[in-house]
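Data first, discussion second: the structure below is written as structure tokens.
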Amino acid sequence: MPQSGFTGISYPFRVSNRGGCVMSTTSKTDPTHIAESIQQIFITNYLERPMEGGEVYTTVSMLLFEPNDITLQQVLKVRMVQDLERLEERIECEEEDIEFEVVVEDDVEYLYANITYKIIRYNTYYTSPIKIGAIKNE
């Protein structure tokens, strides 16, 4: 059985069959909790968590109103890496570790980022698909 590392409330929040909230963990072979943390970072807007002092947020979703082109994707990569450096100290990630993909779900285009990151504690690399948001191509 893999040794557990980081543990926290699972995202999305849900209640277990025993009545408590479901917890997720990260181990050398399973990055679940950190992947959930990354997803939370990229869906949290400015001042959405006022009790955190306005420090926990990303501006990535605001850029989705711009045309989806190579310039936008480069700006997104820079901001995503900056946000991860600021908010997720358990990992390392560089701009070249992020690739974008457009996925159509229910006739809506969504931008996904396939992020390759290193969990520092284990010195292991993982790639997680992170849903950034709906693309506004108007």
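As shown in the structure tokens, the chain order sets the letters A, B, ...; within each chain, residues go from 1, and ligands are also counted from 1 in the order they appear.
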
If we count only C-alpha atoms and set the cut-off at 12 Å, which residues sit around Leu63 in chain A, ignoring sequence neighbours fewer than 6 positions away in its own chain? Please answer as a list of chain:residue names.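 Near neighbours after the sequence-gap exclusion: A:Phe42, A:Asn45, A:Asp69, A:Thr71, A:Leu72, A:Gln73, A:Gln74, A:Val75, A:Leu76, A:Lys77, A:Arg79, A:Met80, A:Leu111, A:Ile132, A:Gly133, A:Ala134, A:Ile135, A:Lys136, A:Asn137.
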
Near-range 94-102 of chain A list (8 Å; only C-alpha atoms; drop same-chain fewer than 3 positions) as an NGL selection string: :A and (73 or 77-78 or 81 or 109-117)

Keeping N, CA and C atoms for every residue in the selection just given, could you write it to a file as a PDB file, in the first residue's frame?
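The new file again_8.pdb reads:
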ATOM      1  N   GLN A  73      -2.677  31.815 -25.597  1.00  0.00           N
ATOM      2  CA  GLN A  73      -2.189  30.623 -24.916  1.00  0.00           C
ATOM      3  C   GLN A  73      -0.851  30.864 -24.238  1.00  0.00           C
ATOM      4  N   LYS A  77      -0.198  30.553 -20.220  1.00  0.00           N
ATOM      5  CA  LYS A  77       0.872  29.738 -19.640  1.00  0.00           C
ATOM      6  C   LYS A  77       1.658  30.527 -18.597  1.00  0.00           C
ATOM      7  N   VAL A  78       2.005  31.762 -18.933  1.00  0.00           N
ATOM      8  CA  VAL A  78       2.767  32.599 -17.993  1.00  0.00           C
ATOM      9  C   VAL A  78       1.971  32.804 -16.709  1.00  0.00           C
ATOM     10  N   VAL A  81       1.608  29.505 -14.583  1.00  0.00           N
ATOM     11  CA  VAL A  81       2.831  29.172 -13.844  1.00  0.00           C
ATOM     12  C   VAL A  81       3.004  30.116 -12.655  1.00  0.00           C
ATOM     13  N   GLU A 109     -17.545  24.991 -26.168  1.00  0.00           N
ATOM     14  CA  GLU A 109     -16.109  24.735 -26.228  1.00  0.00           C
ATOM     15  C   GLU A 109     -15.460  25.095 -24.895  1.00  0.00           C
ATOM     16  N   TYR A 110     -14.693  24.163 -24.349  1.00  0.00           N
ATOM     17  CA  TYR A 110     -13.969  24.382 -23.103  1.00  0.00           C
ATOM     18  C   TYR A 110     -12.472  24.259 -23.371  1.00  0.00           C
ATOM     19  N   LEU A 111     -11.710  25.094 -22.705  1.00  0.00           N
ATOM     20  CA  LEU A 111     -10.262  25.018 -22.801  1.00  0.00           C
ATOM     21  C   LEU A 111      -9.749  24.177 -21.647  1.00  0.00           C
ATOM     22  N   TYR A 112      -9.021  23.129 -21.982  1.00  0.00           N
ATOM     23  CA  TYR A 112      -8.366  22.280 -20.994  1.00  0.00           C
ATOM     24  C   TYR A 112      -6.871  22.509 -21.090  1.00  0.00           C
ATOM     25  N   ALA A 113      -6.208  22.457 -19.957  1.00  0.00           N
ATOM     26  CA  ALA A 113      -4.751  22.524 -19.919  1.00  0.00           C
ATOM     27  C   ALA A 113      -4.236  21.192 -19.395  1.00  0.00           C
ATOM     28  N   ASN A 114      -3.393  20.555 -20.171  1.00  0.00           N
ATOM     29  CA  ASN A 114      -2.707  19.354 -19.702  1.00  0.00           C
ATOM     30  C   ASN A 114      -1.413  19.831 -19.063  1.00  0.00           C
ATOM     31  N   ILE A 115      -1.374  19.786 -17.742  1.00  0.00           N
ATOM     32  CA  ILE A 115      -0.261  20.345 -16.985  1.00  0.00           C
ATOM     33  C   ILE A 115       0.613  19.213 -16.457  1.00  0.00           C
ATOM     34  N   THR A 116       1.875  19.250 -16.833  1.00  0.00           N
ATOM     35  CA  THR A 116       2.846  18.309 -16.285  1.00  0.00           C
ATOM     36  C   THR A 116       3.586  19.023 -15.164  1.00  0.00           C
ATOM     37  N   TYR A 117       3.604  18.414 -13.991  1.00  0.00           N
ATOM     38  CA  TYR A 117       4.214  19.038 -12.817  1.00  0.00           C
ATOM     39  C   TYR A 117       4.980  18.000 -12.018  1.00  0.00           C
TER      40      TYR A 117
END

Write down as a list in words the residues belonging to range 7-66 of chain A that are assigned strand (DSSP E or B) by DSSP computed on the backbone.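 These are the residues in question: Thr7, Gly8, Ile9, Val15, Cys21, Met23, Ser24, Thr25, Thr26, Ser27 and Asp30 of chain A.
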
Those residues with N, CA, C and O atoms, as a compact mmCIF listing (two decimals), in the first residue's frame please?
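New file again_29.txt:
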# COMPACT_ATOMS: atom_id res chain seq x y z
N THR A 7 -2.95 15.23 2.44
CA THR A 7 -4.35 14.84 2.60
C THR A 7 -5.19 16.09 2.81
O THR A 7 -4.76 17.04 3.47
N GLY A 8 -6.40 16.09 2.27
CA GLY A 8 -7.31 17.20 2.47
C GLY A 8 -8.70 16.85 1.97
O GLY A 8 -8.95 15.76 1.46
N ILE A 9 -9.61 17.79 2.11
CA ILE A 9 -10.98 17.59 1.67
C ILE A 9 -10.98 17.46 0.14
O ILE A 9 -10.38 18.25 -0.56
N VAL A 15 -20.26 14.30 0.47
CA VAL A 15 -20.42 13.62 1.76
C VAL A 15 -20.25 12.12 1.53
O VAL A 15 -20.81 11.56 0.59
N CYS A 21 -17.16 14.25 5.30
CA CYS A 21 -16.76 14.65 3.95
C CYS A 21 -15.70 13.68 3.43
O CYS A 21 -14.94 13.09 4.18
N MET A 23 -12.34 12.59 1.79
CA MET A 23 -10.98 13.11 1.81
C MET A 23 -10.21 12.52 0.63
O MET A 23 -10.49 11.42 0.19
N SER A 24 -9.24 13.28 0.12
CA SER A 24 -8.35 12.77 -0.92
C SER A 24 -6.92 12.87 -0.41
O SER A 24 -6.60 13.69 0.45
N THR A 25 -6.07 12.03 -0.97
CA THR A 25 -4.66 12.02 -0.57
C THR A 25 -3.76 12.05 -1.79
O THR A 25 -4.21 11.88 -2.92
N THR A 26 -2.50 12.28 -1.53
CA THR A 26 -1.47 12.21 -2.56
C THR A 26 -0.39 11.27 -2.05
O THR A 26 0.01 11.35 -0.89
N SER A 27 0.05 10.39 -2.92
CA SER A 27 1.15 9.50 -2.59
C SER A 27 2.14 9.52 -3.76
O SER A 27 1.90 10.21 -4.76
N ASP A 30 0.04 8.35 -6.67
CA ASP A 30 -1.30 8.90 -6.90
C ASP A 30 -1.33 10.39 -6.54
O ASP A 30 -1.28 10.75 -5.37

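Between CA of Asn17 in chain A and CA of Gln39 in chain A the separation is 24.4 Å.
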
List as a Markdown table every residue of range 62-90 of chain A that is in contact with range 51-57 of chain A, defined as an atom at most 12 Å from one of its atoms (using only C-alpha atoms), together with the nearest atom pair and the distance in Å rounded to one decimal, sorted by chain and then rising number.
| residue | atom | partner | partner_atom | distance |
| --- | --- | --- | --- | --- |
| A:Met62 | CA | A:Tyr57 | CA | 11.4 |
| A:Arg79 | CA | A:Tyr57 | CA | 11.4 |
| A:Met80 | CA | A:Tyr57 | CA | 11.0 |
| A:Gln82 | CA | A:Tyr57 | CA | 11.4 |
| A:Asp83 | CA | A:Tyr57 | CA | 8.0 |
| A:Leu84 | CA | A:Tyr57 | CA | 10.4 |
| A:Arg86 | CA | A:Val56 | CA | 8.9 |
| A:Leu87 | CA | A:Val56 | CA | 7.0 |
| A:Glu88 | CA | A:Val56 | CA | 10.3 |

Written selection (N, CA, C and O atoms) as a compact mmCIF listing (two decimals), in the first residue's frame:
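The file below, again-v5.txt, is the result:
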# COMPACT_ATOMS: atom_id res chain seq x y z
N MET A 62 -10.51 35.17 -16.67
CA MET A 62 -10.83 36.44 -17.31
C MET A 62 -10.29 36.50 -18.74
O MET A 62 -10.84 37.19 -19.59
N ARG A 79 0.70 33.17 -16.84
CA ARG A 79 -0.12 33.41 -15.66
C ARG A 79 -0.36 32.15 -14.86
O ARG A 79 -0.38 32.17 -13.63
N MET A 80 -0.56 31.03 -15.54
CA MET A 80 -0.78 29.78 -14.82
C MET A 80 0.43 29.38 -14.00
O MET A 80 0.30 28.98 -12.84
N GLN A 82 2.74 31.41 -12.85
CA GLN A 82 2.84 32.37 -11.75
C GLN A 82 1.86 32.01 -10.62
O GLN A 82 2.22 32.06 -9.44
N ASP A 83 0.63 31.67 -10.99
CA ASP A 83 -0.37 31.30 -9.98
C ASP A 83 0.03 30.03 -9.24
O ASP A 83 -0.12 29.94 -8.02
N LEU A 84 0.55 29.05 -9.96
CA LEU A 84 0.98 27.81 -9.31
C LEU A 84 2.17 28.06 -8.38
O LEU A 84 2.23 27.50 -7.28
N ARG A 86 2.77 30.76 -6.78
CA ARG A 86 2.28 31.55 -5.65
C ARG A 86 1.40 30.72 -4.71
O ARG A 86 1.44 30.91 -3.49
N LEU A 87 0.62 29.78 -5.26
CA LEU A 87 -0.41 29.12 -4.46
C LEU A 87 -0.19 27.63 -4.21
O LEU A 87 -0.85 27.07 -3.34
N GLU A 88 0.67 26.99 -4.94
CA GLU A 88 0.86 25.54 -4.77
C GLU A 88 2.34 25.23 -4.63
O GLU A 88 3.00 24.87 -5.60

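Shortest separation to Thr29 in chain A among A:Ile91, A:Gly5, A:Leu64, A:Thr59 occurs at residue A:Gly5, atoms counted being only C-alpha atoms.
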
Where does DSSP see alpha helix (DSSP H) in range 10-87 of chain A, if you list the residues as a ChimeraX atom specification? /A:32-43,70-87
